[in-house]
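Data block for structure_5.cif (mmCIF, C-alpha atoms; chains and numbers go by the auth columns):
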```
data_coords
loop_
_atom_site.group_PDB
_atom_site.id
_atom_site.type_symbol
_atom_site.label_atom_id
_atom_site.label_comp_id
_atom_site.label_asym_id
_atom_site.label_seq_id
_atom_site.Cartn_x
_atom_site.Cartn_y
_atom_site.Cartn_z
_atom_site.B_iso_or_equiv
_atom_site.auth_seq_id
_atom_site.auth_asym_id
ATOM 1 C CA TYR A 1 24.020 -16.079 28.329 0.00 101 A
ATOM 2 C CA ARG A 2 22.551 -12.905 26.797 0.00 102 A
ATOM 3 C CA VAL A 3 23.897 -9.978 28.758 0.00 103 A
ATOM 4 C CA HIS A 4 21.324 -7.436 27.566 0.00 104 A
ATOM 5 C CA ARG A 5 18.432 -9.587 28.811 0.00 105 A
ATOM 6 C CA GLY A 6 19.996 -11.261 31.812 0.00 106 A
ATOM 7 C CA ASP A 7 17.497 -14.125 31.869 0.00 107 A
ATOM 8 C CA ASP A 8 18.221 -16.197 28.760 0.00 108 A
ATOM 9 C CA PHE A 9 20.678 -18.920 29.734 0.00 109 A
ATOM 10 C CA ARG A 10 21.345 -21.915 27.517 0.00 110 A
ATOM 11 C CA ARG A 11 23.423 -24.917 28.407 0.00 111 A
ATOM 12 C CA ILE A 12 25.057 -26.818 25.547 0.00 112 A
ATOM 13 C CA ASP A 13 26.133 -30.385 26.261 0.00 113 A
ATOM 14 C CA LEU A 14 28.645 -31.893 23.849 0.00 114 A
ATOM 15 C CA PRO A 15 29.203 -35.621 23.288 0.00 115 A
ATOM 16 C CA LEU A 16 32.835 -35.588 24.456 0.00 116 A
ATOM 17 C CA PRO A 17 34.820 -38.719 25.297 0.00 117 A
ATOM 18 C CA GLU A 18 35.147 -39.577 28.977 0.00 118 A
ATOM 19 C CA GLY A 19 37.819 -37.427 30.632 0.00 119 A
ATOM 20 C CA ASP A 20 37.770 -34.808 27.855 0.00 120 A
ATOM 21 C CA SER A 21 37.045 -31.157 28.612 0.00 121 A
ATOM 22 C CA ILE A 22 36.712 -27.808 26.813 0.00 122 A
ATOM 23 C CA SER A 23 39.882 -25.693 26.878 0.00 123 A
ATOM 24 C CA GLN A 24 38.852 -22.756 24.649 0.00 124 A
ATOM 25 C CA ILE A 25 35.737 -21.226 23.089 0.00 125 A
ATOM 26 C CA GLU A 26 35.570 -18.747 20.188 0.00 126 A
ATOM 27 C CA PHE A 27 32.612 -16.960 18.578 0.00 127 A
ATOM 28 C CA SER A 28 32.386 -16.379 14.841 0.00 128 A
ATOM 29 C CA SER A 29 32.225 -12.733 13.749 0.00 129 A
ATOM 30 C CA ASP A 30 28.469 -12.962 13.041 0.00 130 A
ATOM 31 C CA GLY A 31 27.760 -14.561 16.425 0.00 131 A
ATOM 32 C CA ARG A 32 26.050 -17.586 14.870 0.00 132 A
ATOM 33 C CA THR A 33 28.721 -20.227 15.402 0.00 133 A
ATOM 34 C CA LEU A 34 30.712 -21.279 18.449 0.00 134 A
ATOM 35 C CA ALA A 35 33.985 -23.211 18.259 0.00 135 A
ATOM 36 C CA ALA A 36 34.700 -25.324 21.340 0.00 136 A
ATOM 37 C CA VAL A 37 38.234 -26.738 21.502 0.00 137 A
ATOM 38 C CA SER A 38 38.954 -29.912 23.446 0.00 138 A
ATOM 39 C CA SER A 39 41.691 -32.542 23.435 0.00 139 A
ATOM 40 C CA SER A 40 39.574 -34.699 21.093 0.00 140 A
ATOM 41 C CA GLY A 41 39.133 -31.992 18.470 0.00 141 A
ATOM 42 C CA VAL A 42 37.244 -28.848 17.504 0.00 142 A
ATOM 43 C CA ASN A 43 33.460 -28.718 17.712 0.00 143 A
ATOM 44 C CA LEU A 44 31.448 -26.174 15.699 0.00 144 A
ATOM 45 C CA ILE A 45 28.096 -25.418 17.326 0.00 145 A
ATOM 46 C CA ASP A 46 25.073 -23.704 15.796 0.00 146 A
ATOM 47 C CA LEU A 47 24.053 -21.197 18.467 0.00 147 A
ATOM 48 C CA ALA A 48 20.505 -20.910 17.128 0.00 148 A
ATOM 49 C CA THR A 49 19.825 -24.579 17.913 0.00 149 A
ATOM 50 C CA GLY A 50 22.591 -25.427 20.386 0.00 150 A
ATOM 51 C CA GLN A 51 23.499 -28.426 18.228 0.00 151 A
ATOM 52 C CA ARG A 52 26.952 -29.525 17.134 0.00 152 A
ATOM 53 C CA ARG A 53 27.130 -29.153 13.353 0.00 153 A
ATOM 54 C CA GLN A 54 30.701 -30.159 12.614 0.00 154 A
ATOM 55 C CA HIS A 55 33.567 -31.881 14.384 0.00 155 A
ATOM 56 C CA HIS A 56 37.242 -31.899 13.407 0.00 156 A
ATOM 57 C CA PRO A 57 39.052 -34.719 15.220 0.00 157 A
ATOM 58 C CA THR A 58 42.566 -33.435 15.822 0.00 158 A
ATOM 59 C CA THR A 59 44.846 -32.509 18.698 0.00 159 A
ATOM 60 C CA CYS A 60 44.072 -28.794 18.608 0.00 160 A
ATOM 61 C CA TYR A 61 45.648 -26.363 21.056 0.00 161 A
ATOM 62 C CA SER A 62 44.129 -23.142 19.756 0.00 162 A
ATOM 63 C CA ALA A 63 41.556 -22.045 17.164 0.00 163 A
ATOM 64 C CA VAL A 64 40.275 -18.768 15.701 0.00 164 A
ATOM 65 C CA PHE A 65 37.703 -17.886 13.058 0.00 165 A
ATOM 66 C CA GLY A 66 39.024 -16.322 9.870 0.00 166 A
ATOM 67 C CA GLN A 67 38.245 -16.093 6.178 0.00 167 A
ATOM 68 C CA HIS A 68 39.521 -17.632 2.971 0.00 168 A
ATOM 69 C CA HIS A 69 38.402 -16.026 -0.300 0.00 169 A
ATOM 70 C CA GLN A 70 35.693 -14.185 1.667 0.00 170 A
ATOM 71 C CA GLN A 71 34.265 -17.457 2.981 0.00 171 A
ATOM 72 C CA PRO A 72 34.340 -18.447 6.684 0.00 172 A
ATOM 73 C CA ALA A 73 37.172 -20.701 7.755 0.00 173 A
ATOM 74 C CA LEU A 74 38.542 -22.095 10.994 0.00 174 A
ATOM 75 C CA PHE A 75 42.271 -21.765 11.677 0.00 175 A
ATOM 76 C CA CYS A 76 43.622 -24.411 14.071 0.00 176 A
ATOM 77 C CA GLY A 77 46.964 -24.725 15.789 0.00 177 A
ATOM 78 C CA THR A 78 47.448 -28.486 16.061 0.00 178 A
ATOM 79 C CA HIS A 79 50.171 -30.911 17.077 0.00 179 A
ATOM 80 C CA ILE A 80 51.379 -31.025 13.458 0.00 180 A
ATOM 81 C CA GLY A 81 51.047 -27.386 12.353 0.00 181 A
ATOM 82 C CA ILE A 82 48.605 -24.657 11.315 0.00 182 A
ATOM 83 C CA GLU A 83 45.480 -25.930 9.556 0.00 183 A
ATOM 84 C CA ARG A 84 42.727 -24.048 7.749 0.00 184 A
ATOM 85 C CA LEU A 85 39.272 -25.598 7.380 0.00 185 A
ATOM 86 C CA PRO A 86 36.516 -23.894 5.374 0.00 186 A
ATOM 87 C CA PHE A 87 33.020 -24.477 6.743 0.00 187 A
ATOM 88 C CA ALA A 88 29.449 -23.803 5.712 0.00 188 A
ATOM 89 C CA ARG A 89 26.893 -23.090 8.411 0.00 189 A
ATOM 90 C CA ASP A 90 24.228 -25.132 6.594 0.00 190 A
ATOM 91 C CA SER A 91 26.436 -28.203 6.131 0.00 191 A
ATOM 92 C CA GLN A 92 27.416 -31.065 8.402 0.00 192 A
ATOM 93 C CA GLN A 93 30.826 -31.336 6.733 0.00 193 A
ATOM 94 C CA LEU A 94 33.941 -29.194 6.958 0.00 194 A
ATOM 95 C CA GLY A 95 35.699 -28.249 3.736 0.00 195 A
ATOM 96 C CA PRO A 96 39.048 -29.635 2.549 0.00 196 A
ATOM 97 C CA LEU A 97 41.880 -29.086 5.005 0.00 197 A
ATOM 98 C CA THR A 98 44.819 -26.898 3.952 0.00 198 A
ATOM 99 C CA MET A 99 48.060 -27.205 5.899 0.00 199 A
ATOM 100 C CA LEU A 100 49.442 -23.661 6.100 0.00 200 A
ATOM 101 C CA HIS A 101 52.501 -24.630 8.124 0.00 201 A
ATOM 102 C CA ASN A 102 54.011 -27.985 9.004 0.00 202 A
ATOM 103 C CA GLY A 103 55.707 -28.177 12.364 0.00 203 A
ATOM 104 C CA THR A 104 55.183 -28.416 16.079 0.00 204 A
ATOM 105 C CA PHE A 105 52.602 -26.036 17.474 0.00 205 A
ATOM 106 C CA ARG A 106 52.977 -25.469 21.203 0.00 206 A
ATOM 107 C CA SER A 107 50.063 -25.676 23.629 0.00 207 A
ATOM 108 C CA ALA A 108 49.034 -22.071 24.237 0.00 208 A
ATOM 109 C CA GLN A 109 45.849 -20.184 23.499 0.00 209 A
ATOM 110 C CA ARG A 110 47.495 -16.913 22.534 0.00 210 A
ATOM 111 C CA TYR A 111 49.557 -18.356 19.671 0.00 211 A
ATOM 112 C CA LEU A 112 46.778 -17.518 17.190 0.00 212 A
ATOM 113 C CA ALA A 113 44.994 -14.190 16.740 0.00 213 A
ATOM 114 C CA ALA A 114 42.443 -12.896 14.239 0.00 214 A
ATOM 115 C CA THR A 115 40.758 -9.607 13.390 0.00 215 A
ATOM 116 C CA PRO A 116 37.042 -9.364 14.329 0.00 216 A
ATOM 117 C CA ASP A 117 36.008 -9.712 10.672 0.00 217 A
ATOM 118 C CA GLY A 118 38.334 -12.702 10.179 0.00 218 A
ATOM 119 C CA LYS A 119 40.141 -11.141 7.224 0.00 219 A
ATOM 120 C CA SER A 120 43.585 -11.329 8.886 0.00 220 A
ATOM 121 C CA VAL A 121 44.991 -14.173 10.988 0.00 221 A
ATOM 122 C CA ALA A 122 48.360 -14.274 12.778 0.00 222 A
ATOM 123 C CA ALA A 123 50.196 -17.283 14.209 0.00 223 A
ATOM 124 C CA ILE A 124 53.425 -17.725 16.159 0.00 224 A
ATOM 125 C CA ILE A 125 55.741 -20.259 14.508 0.00 225 A
ATOM 126 C CA ASP A 126 58.443 -22.045 16.502 0.00 226 A
ATOM 127 C CA HIS A 127 58.668 -19.135 18.984 0.00 227 A
ATOM 128 C CA GLN A 128 60.777 -17.127 16.483 0.00 228 A
ATOM 129 C CA GLN A 129 58.376 -16.053 13.738 0.00 229 A
ATOM 130 C CA VAL A 130 54.914 -14.604 13.306 0.00 230 A
ATOM 131 C CA ARG A 131 53.104 -15.373 10.065 0.00 231 A
ATOM 132 C CA VAL A 132 50.111 -13.328 8.927 0.00 232 A
ATOM 133 C CA TRP A 133 47.521 -14.332 6.355 0.00 233 A
ATOM 134 C CA HIS A 134 45.418 -11.540 4.795 0.00 234 A
ATOM 135 C CA ASP A 135 42.253 -12.502 2.907 0.00 235 A
ATOM 136 C CA ASP A 136 42.524 -9.947 0.112 0.00 236 A
ATOM 137 C CA PRO A 137 39.926 -10.590 -2.661 0.00 237 A
ATOM 138 C CA SER A 138 42.208 -8.931 -5.226 0.00 238 A
ATOM 139 C CA ARG A 139 44.747 -11.768 -4.846 0.00 239 A
ATOM 140 C CA ASP A 140 44.376 -15.260 -6.262 0.00 240 A
ATOM 141 C CA VAL A 141 44.187 -18.410 -4.114 0.00 241 A
ATOM 142 C CA ARG A 142 47.913 -19.125 -4.202 0.00 242 A
ATOM 143 C CA GLN A 143 48.791 -15.557 -3.222 0.00 243 A
ATOM 144 C CA ILE A 144 46.365 -15.623 -0.289 0.00 244 A
ATOM 145 C CA ASP A 145 48.080 -18.755 1.041 0.00 245 A
ATOM 146 C CA GLU A 146 51.417 -16.903 1.029 0.00 246 A
ATOM 147 C CA ALA A 147 51.879 -15.466 4.500 0.00 247 A
ATOM 148 C CA ILE A 148 53.703 -12.319 5.520 0.00 248 A
ATOM 149 C CA THR A 149 56.585 -13.444 7.753 0.00 249 A
ATOM 150 C CA ILE A 150 57.756 -11.388 10.720 0.00 250 A
ATOM 151 C CA GLN A 151 61.183 -12.609 11.816 0.00 251 A
ATOM 152 C CA CYS A 152 61.728 -11.982 15.538 0.00 252 A
ATOM 153 C CA ASP A 153 65.191 -11.881 17.110 0.00 253 A
ATOM 154 C CA ALA A 154 63.845 -13.008 20.499 0.00 254 A
ATOM 155 C CA PRO A 155 61.392 -15.729 21.585 0.00 255 A
ATOM 156 C CA VAL A 156 57.695 -14.842 21.194 0.00 256 A
ATOM 157 C CA SER A 157 54.974 -16.189 23.489 0.00 257 A
ATOM 158 C CA PHE A 158 51.932 -13.994 22.721 0.00 258 A
ATOM 159 C CA VAL A 159 50.564 -12.318 19.599 0.00 259 A
ATOM 160 C CA ALA A 160 47.800 -9.738 19.101 0.00 260 A
ATOM 161 C CA ILE A 161 46.470 -8.130 15.928 0.00 261 A
ATOM 162 C CA SER A 162 44.664 -4.804 15.485 0.00 262 A
ATOM 163 C CA SER A 163 41.061 -4.933 14.278 0.00 263 A
ATOM 164 C CA ASP A 164 42.029 -3.405 10.905 0.00 264 A
ATOM 165 C CA GLY A 165 44.792 -5.993 10.463 0.00 265 A
ATOM 166 C CA HIS A 166 47.563 -3.413 10.072 0.00 266 A
ATOM 167 C CA TRP A 167 49.464 -3.950 13.328 0.00 267 A
ATOM 168 C CA ILE A 168 50.869 -6.930 15.205 0.00 268 A
ATOM 169 C CA ALA A 169 51.987 -6.860 18.834 0.00 269 A
ATOM 170 C CA THR A 170 54.325 -9.515 20.220 0.00 270 A
ATOM 171 C CA SER A 171 55.469 -10.261 23.744 0.00 271 A
ATOM 172 C CA THR A 172 57.014 -13.073 25.731 0.00 272 A
ATOM 173 C CA PHE A 173 57.451 -14.746 29.085 0.00 273 A
ATOM 174 C CA HIS A 174 61.196 -14.253 28.857 0.00 274 A
ATOM 175 C CA GLY A 175 61.821 -10.550 29.434 0.00 275 A
ATOM 176 C CA ASN A 176 62.109 -9.352 25.819 0.00 276 A
ATOM 177 C CA GLY A 177 59.506 -6.604 26.020 0.00 277 A
ATOM 178 C CA VAL A 178 56.524 -5.693 23.845 0.00 278 A
ATOM 179 C CA ARG A 179 56.935 -4.827 20.170 0.00 279 A
ATOM 180 C CA ILE A 180 54.650 -3.503 17.440 0.00 280 A
ATOM 181 C CA TRP A 181 55.080 -4.627 13.818 0.00 281 A
ATOM 182 C CA ASN A 182 53.638 -3.620 10.456 0.00 282 A
ATOM 183 C CA SER A 183 51.698 -6.747 9.489 0.00 283 A
ATOM 184 C CA ARG A 184 51.853 -6.133 5.733 0.00 284 A
ATOM 185 C CA ALA A 185 55.510 -5.196 5.466 0.00 285 A
ATOM 186 C CA GLY A 186 56.727 -7.529 8.216 0.00 286 A
ATOM 187 C CA LYS A 187 58.811 -4.693 9.680 0.00 287 A
ATOM 188 C CA LEU A 188 59.341 -3.621 13.283 0.00 288 A
ATOM 189 C CA LEU A 189 57.587 -0.332 14.066 0.00 289 A
ATOM 190 C CA ARG A 190 58.844 0.178 17.631 0.00 290 A
ATOM 191 C CA ASP A 191 59.679 -1.327 20.996 0.00 291 A
ATOM 192 C CA VAL A 192 56.937 0.049 23.210 0.00 292 A
ATOM 193 C CA TRP A 193 58.031 -1.491 26.528 0.00 293 A
ATOM 194 C CA PRO A 194 61.506 -3.030 26.197 0.00 294 A
ATOM 195 C CA GLU A 195 61.851 -3.709 29.931 0.00 295 A
ATOM 196 C CA ALA A 196 58.616 -5.737 30.254 0.00 296 A
ATOM 197 C CA ILE A 197 59.471 -9.157 31.676 0.00 297 A
ATOM 198 C CA SER A 198 56.235 -11.075 31.095 0.00 298 A
ATOM 199 C CA ALA A 199 53.433 -9.258 29.293 0.00 299 A
ATOM 200 C CA GLN A 200 50.301 -9.797 27.241 0.00 300 A
ATOM 201 C CA SER A 201 48.701 -7.148 25.059 0.00 301 A
ATOM 202 C CA THR A 202 45.609 -6.374 23.026 0.00 302 A
ATOM 203 C CA PHE A 203 44.643 -3.571 20.654 0.00 303 A
ATOM 204 C CA ALA A 204 41.713 -1.289 21.396 0.00 304 A
ATOM 205 C CA SER A 205 39.015 -0.918 18.747 0.00 305 A
ATOM 206 C CA ASP A 206 40.458 2.433 17.599 0.00 306 A
ATOM 207 C CA ASN A 207 43.524 0.569 16.213 0.00 307 A
ATOM 208 C CA ARG A 208 45.724 3.247 17.791 0.00 308 A
ATOM 209 C CA THR A 209 45.803 2.113 21.413 0.00 309 A
ATOM 210 C CA LEU A 210 47.656 -0.935 22.745 0.00 310 A
ATOM 211 C CA LEU A 211 46.692 -2.241 26.192 0.00 311 A
ATOM 212 C CA ILE A 212 49.467 -4.133 28.027 0.00 312 A
ATOM 213 C CA ALA A 213 49.219 -6.276 31.150 0.00 313 A
ATOM 214 C CA GLU A 214 52.379 -7.380 32.941 0.00 314 A
#
```
Encoded form (structure tokens):
Amino acid sequence: YRVHRGDDFRRIDLPLPEGDSISQIEFSSDGRTLAAVSSSGVNLIDLATGQRRQHHPTTCYSAVFGQHHQQPALFCGTHIGIERLPFARDSQQLGPLTMLHNGTFRSAQRYLAATPDGKSVAAIIDHQQVRVWHDDPSRDVRQIDEAITIQCDAPVSFVAISSDGHWIATSTFHGNGVRIWNSRAGKLLRDVWPEAISAQSTFASDNRTLLIAE
């Protein structure tokens, strides 16, 4: 639905198995590709045609668009870990899968977060860590795959990242407050609301304002 026009509505029907349903949708940074997550996998849809271009059959709980070596990639939180899949908008095939983390990935849509340009992606690992991947063209492929690890001393349920990729905000269902971290150093900046019991947060576009809902 195009908000500025108000009259251009397009319905996209996907060939999903019986009983399957869409649990999450994400737009690419250029607005040309839509990722629709369902229990049967991730579907990449060309918004110009409304057609499904690629399908990744996996048990995916959450997905965000990112970058790898300045090329578009899809980051998926699956039942076996964090996967990265390069994709080309003019191809029917996804690129080779890279497993960034092996381990159980819990079913929650806020366990992955990405900057609007896709250059930084954050993921919660085992409720105790946040790992951040920065797509820095000055680093080689192996260095890019090395994540910055933020070690949390309390369970983490939600993660947010500032649009410039510098700051990470974490919060939880369990009464451990909201914290801001330096995403490149992996260090705690401050506890902004230690008494928050169950909170979610997001950064404003100025990268200086954190919005918190409890």
Which residues are close to A:Gly131, i.e. within 10 Å by only C-alpha atoms, leaving aside same-chain residues fewer than 6 positions away? Reply as a PyMOL selection string. chain A and resi 146-148
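Applied to this file, the PyMOL selection byres ((chain A and resi 132-143) around 7) selects A:Asp120, A:Ser121, A:Ile122, A:Ser123, A:Gln124, A:Ile125, A:Glu126, A:Phe127, A:Ser128, A:Asp130, A:Gly131, A:Leu144, A:Ile145, A:Asp146, A:Leu147, A:Ala148, A:Arg152, A:Gln154, A:His155, A:His156, A:Pro157, A:Thr158, A:Thr159, A:Cys160.
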Option closest in space to A:Ser271, from A:Gly286, A:Gly150, A:Pro117, A:Pro294 [counting all atoms listed in the file]: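 Residue with the minimum atom-to-atom distance to A:Ser271: A:Pro294.
Using all atoms listed in the file, the smallest distance between any of A:Asp291, A:Ser257, A:Thr198, A:Ala296 and A:Gly275 comes from A:Ala296.
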At a cut-off of 9 Å, using all atoms listed in the file, what residues contact stretch 214-225 of chain A? Leave out same-chain residues fewer than 5 positions from it and give the result as a PDB file with C-alpha atoms, in the coordinates of the input.
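That gives us selection.pdb:
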```pdb
ATOM      1  CA  SER A 128      32.386 -16.379  14.841  1.00  0.00           C
ATOM      2  CA  SER A 129      32.225 -12.733  13.749  1.00  0.00           C
ATOM      3  CA  ASP A 130      28.469 -12.962  13.041  1.00  0.00           C
ATOM      4  CA  VAL A 164      40.275 -18.768  15.701  1.00  0.00           C
ATOM      5  CA  PHE A 165      37.703 -17.886  13.058  1.00  0.00           C
ATOM      6  CA  GLY A 166      39.024 -16.322   9.870  1.00  0.00           C
ATOM      7  CA  GLN A 167      38.245 -16.093   6.178  1.00  0.00           C
ATOM      8  CA  HIS A 168      39.521 -17.632   2.971  1.00  0.00           C
ATOM      9  CA  GLN A 170      35.693 -14.185   1.667  1.00  0.00           C
ATOM     10  CA  PRO A 172      34.340 -18.447   6.684  1.00  0.00           C
ATOM     11  CA  ALA A 173      37.172 -20.701   7.755  1.00  0.00           C
ATOM     12  CA  PHE A 175      42.271 -21.765  11.677  1.00  0.00           C
ATOM     13  CA  GLY A 177      46.964 -24.725  15.789  1.00  0.00           C
ATOM     14  CA  GLY A 181      51.047 -27.386  12.353  1.00  0.00           C
ATOM     15  CA  ILE A 182      48.605 -24.657  11.315  1.00  0.00           C
ATOM     16  CA  HIS A 201      52.501 -24.630   8.124  1.00  0.00           C
ATOM     17  CA  GLY A 203      55.707 -28.177  12.364  1.00  0.00           C
ATOM     18  CA  THR A 204      55.183 -28.416  16.079  1.00  0.00           C
ATOM     19  CA  PHE A 205      52.602 -26.036  17.474  1.00  0.00           C
ATOM     20  CA  ARG A 206      52.977 -25.469  21.203  1.00  0.00           C
ATOM     21  CA  VAL A 230      54.914 -14.604  13.306  1.00  0.00           C
ATOM     22  CA  ARG A 231      53.104 -15.373  10.065  1.00  0.00           C
ATOM     23  CA  VAL A 232      50.111 -13.328   8.927  1.00  0.00           C
ATOM     24  CA  TRP A 233      47.521 -14.332   6.355  1.00  0.00           C
ATOM     25  CA  HIS A 234      45.418 -11.540   4.795  1.00  0.00           C
ATOM     26  CA  ASP A 235      42.253 -12.502   2.907  1.00  0.00           C
ATOM     27  CA  ASP A 236      42.524  -9.947   0.112  1.00  0.00           C
ATOM     28  CA  VAL A 256      57.695 -14.842  21.194  1.00  0.00           C
ATOM     29  CA  SER A 257      54.974 -16.189  23.489  1.00  0.00           C
ATOM     30  CA  PHE A 258      51.932 -13.994  22.721  1.00  0.00           C
ATOM     31  CA  VAL A 259      50.564 -12.318  19.599  1.00  0.00           C
ATOM     32  CA  ALA A 260      47.800  -9.738  19.101  1.00  0.00           C
ATOM     33  CA  ILE A 261      46.470  -8.130  15.928  1.00  0.00           C
ATOM     34  CA  SER A 262      44.664  -4.804  15.485  1.00  0.00           C
ATOM     35  CA  SER A 263      41.061  -4.933  14.278  1.00  0.00           C
ATOM     36  CA  ASP A 264      42.029  -3.405  10.905  1.00  0.00           C
ATOM     37  CA  GLY A 265      44.792  -5.993  10.463  1.00  0.00           C
ATOM     38  CA  HIS A 266      47.563  -3.413  10.072  1.00  0.00           C
ATOM     39  CA  ILE A 268      50.869  -6.930  15.205  1.00  0.00           C
ATOM     40  CA  SER A 283      51.698  -6.747   9.489  1.00  0.00           C
TER      41      SER A 283
END
```
Result set of the PyMOL selection byres ((chain A and resi 276) around 9) on the coordinates above, as a ChimeraX atom specification: /A:254-256,271-275,277-279,293-298
Counting all atoms listed in the file, which residue out of A:His169, A:Glu118, A:Arg110, A:Leu174 sits closest to A:Gln151?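 Closest residue, counting all atoms listed in the file: A:Arg110.
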One-decimal distance in Å that lies between atom CA of A:Trp267 and atom CA of A:Val292: 13.0 Å
Just the number, please: distance in Å from atom CA of A:Ile112 to atom CA of A:Gly195, one decimal.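 Here the two named atoms are 24.3 Å from each other.
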Report, in Å with one decimal, the straight-line distance from atom CA of A:Leu116 to atom CA of A:Glu183.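 Rounded to one decimal, the two atoms are 21.8 Å apart.
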Model the absent atoms of stretch 127-141 of chain A so that N, CA, C and O atoms are present, and write the result as an mmCIF file, in the coordinates of the input.
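That gives us rebuild.cif:
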```
data_model
loop_
_atom_site.group_PDB
_atom_site.id
_atom_site.type_symbol
_atom_site.label_atom_id
_atom_site.label_comp_id
_atom_site.auth_asym_id
_atom_site.auth_seq_id
_atom_site.Cartn_x
_atom_site.Cartn_y
_atom_site.Cartn_z
ATOM 1 N N PHE A 127 33.804 -17.299 19.352
ATOM 2 C CA PHE A 127 32.612 -16.960 18.578
ATOM 3 C C PHE A 127 33.014 -16.528 17.169
ATOM 4 O O PHE A 127 34.017 -15.840 16.985
ATOM 5 N N SER A 128 32.196 -16.901 16.192
ATOM 6 C CA SER A 128 32.386 -16.379 14.841
ATOM 7 C C SER A 128 32.001 -14.910 14.825
ATOM 8 O O SER A 128 31.297 -14.412 15.719
ATOM 9 N N SER A 129 32.443 -14.183 13.798
ATOM 10 C CA SER A 129 32.225 -12.733 13.749
ATOM 11 C C SER A 129 30.741 -12.370 13.675
ATOM 12 O O SER A 129 30.344 -11.297 14.133
ATOM 13 N N ASP A 130 29.899 -13.260 13.125
ATOM 14 C CA ASP A 130 28.469 -12.962 13.041
ATOM 15 C C ASP A 130 27.701 -13.470 14.263
ATOM 16 O O ASP A 130 26.490 -13.311 14.353
ATOM 17 N N GLY A 131 28.394 -14.099 15.205
ATOM 18 C CA GLY A 131 27.760 -14.561 16.425
ATOM 19 C C GLY A 131 26.870 -15.769 16.268
ATOM 20 O O GLY A 131 26.133 -16.132 17.193
ATOM 21 N N ARG A 132 26.950 -16.457 15.123
ATOM 22 C CA ARG A 132 26.050 -17.586 14.870
ATOM 23 C C ARG A 132 26.689 -18.939 15.155
ATOM 24 O O ARG A 132 25.983 -19.944 15.284
ATOM 25 N N THR A 133 28.020 -18.960 15.238
ATOM 26 C CA THR A 133 28.721 -20.227 15.402
ATOM 27 C C THR A 133 29.705 -20.132 16.558
ATOM 28 O O THR A 133 30.382 -19.121 16.723
ATOM 29 N N LEU A 134 29.775 -21.183 17.342
ATOM 30 C CA LEU A 134 30.712 -21.279 18.449
ATOM 31 C C LEU A 134 31.672 -22.417 18.179
ATOM 32 O O LEU A 134 31.262 -23.516 17.799
ATOM 33 N N ALA A 135 32.976 -22.155 18.343
ATOM 34 C CA ALA A 135 33.985 -23.211 18.259
ATOM 35 C C ALA A 135 34.405 -23.568 19.679
ATOM 36 O O ALA A 135 34.803 -22.694 20.457
ATOM 37 N N ALA A 136 34.290 -24.825 20.029
ATOM 38 C CA ALA A 136 34.700 -25.324 21.340
ATOM 39 C C ALA A 136 35.853 -26.300 21.130
ATOM 40 O O ALA A 136 35.699 -27.326 20.464
ATOM 41 N N VAL A 137 37.020 -25.945 21.686
ATOM 42 C CA VAL A 137 38.234 -26.738 21.502
ATOM 43 C C VAL A 137 38.401 -27.674 22.692
ATOM 44 O O VAL A 137 38.317 -27.262 23.853
ATOM 45 N N SER A 138 38.657 -28.930 22.407
ATOM 46 C CA SER A 138 38.954 -29.912 23.446
ATOM 47 C C SER A 138 40.092 -30.794 22.964
ATOM 48 O O SER A 138 40.536 -30.691 21.817
ATOM 49 N N SER A 139 40.565 -31.686 23.822
ATOM 50 C CA SER A 139 41.691 -32.542 23.435
ATOM 51 C C SER A 139 41.306 -33.540 22.350
ATOM 52 O O SER A 139 42.182 -34.090 21.685
ATOM 53 N N SER A 140 40.011 -33.764 22.133
ATOM 54 C CA SER A 140 39.574 -34.699 21.093
ATOM 55 C C SER A 140 39.266 -34.007 19.777
ATOM 56 O O SER A 140 38.924 -34.672 18.797
ATOM 57 N N GLY A 141 39.370 -32.679 19.727
ATOM 58 C CA GLY A 141 39.133 -31.992 18.470
ATOM 59 C C GLY A 141 38.428 -30.663 18.648
ATOM 60 O O GLY A 141 38.301 -30.146 19.750
#
```
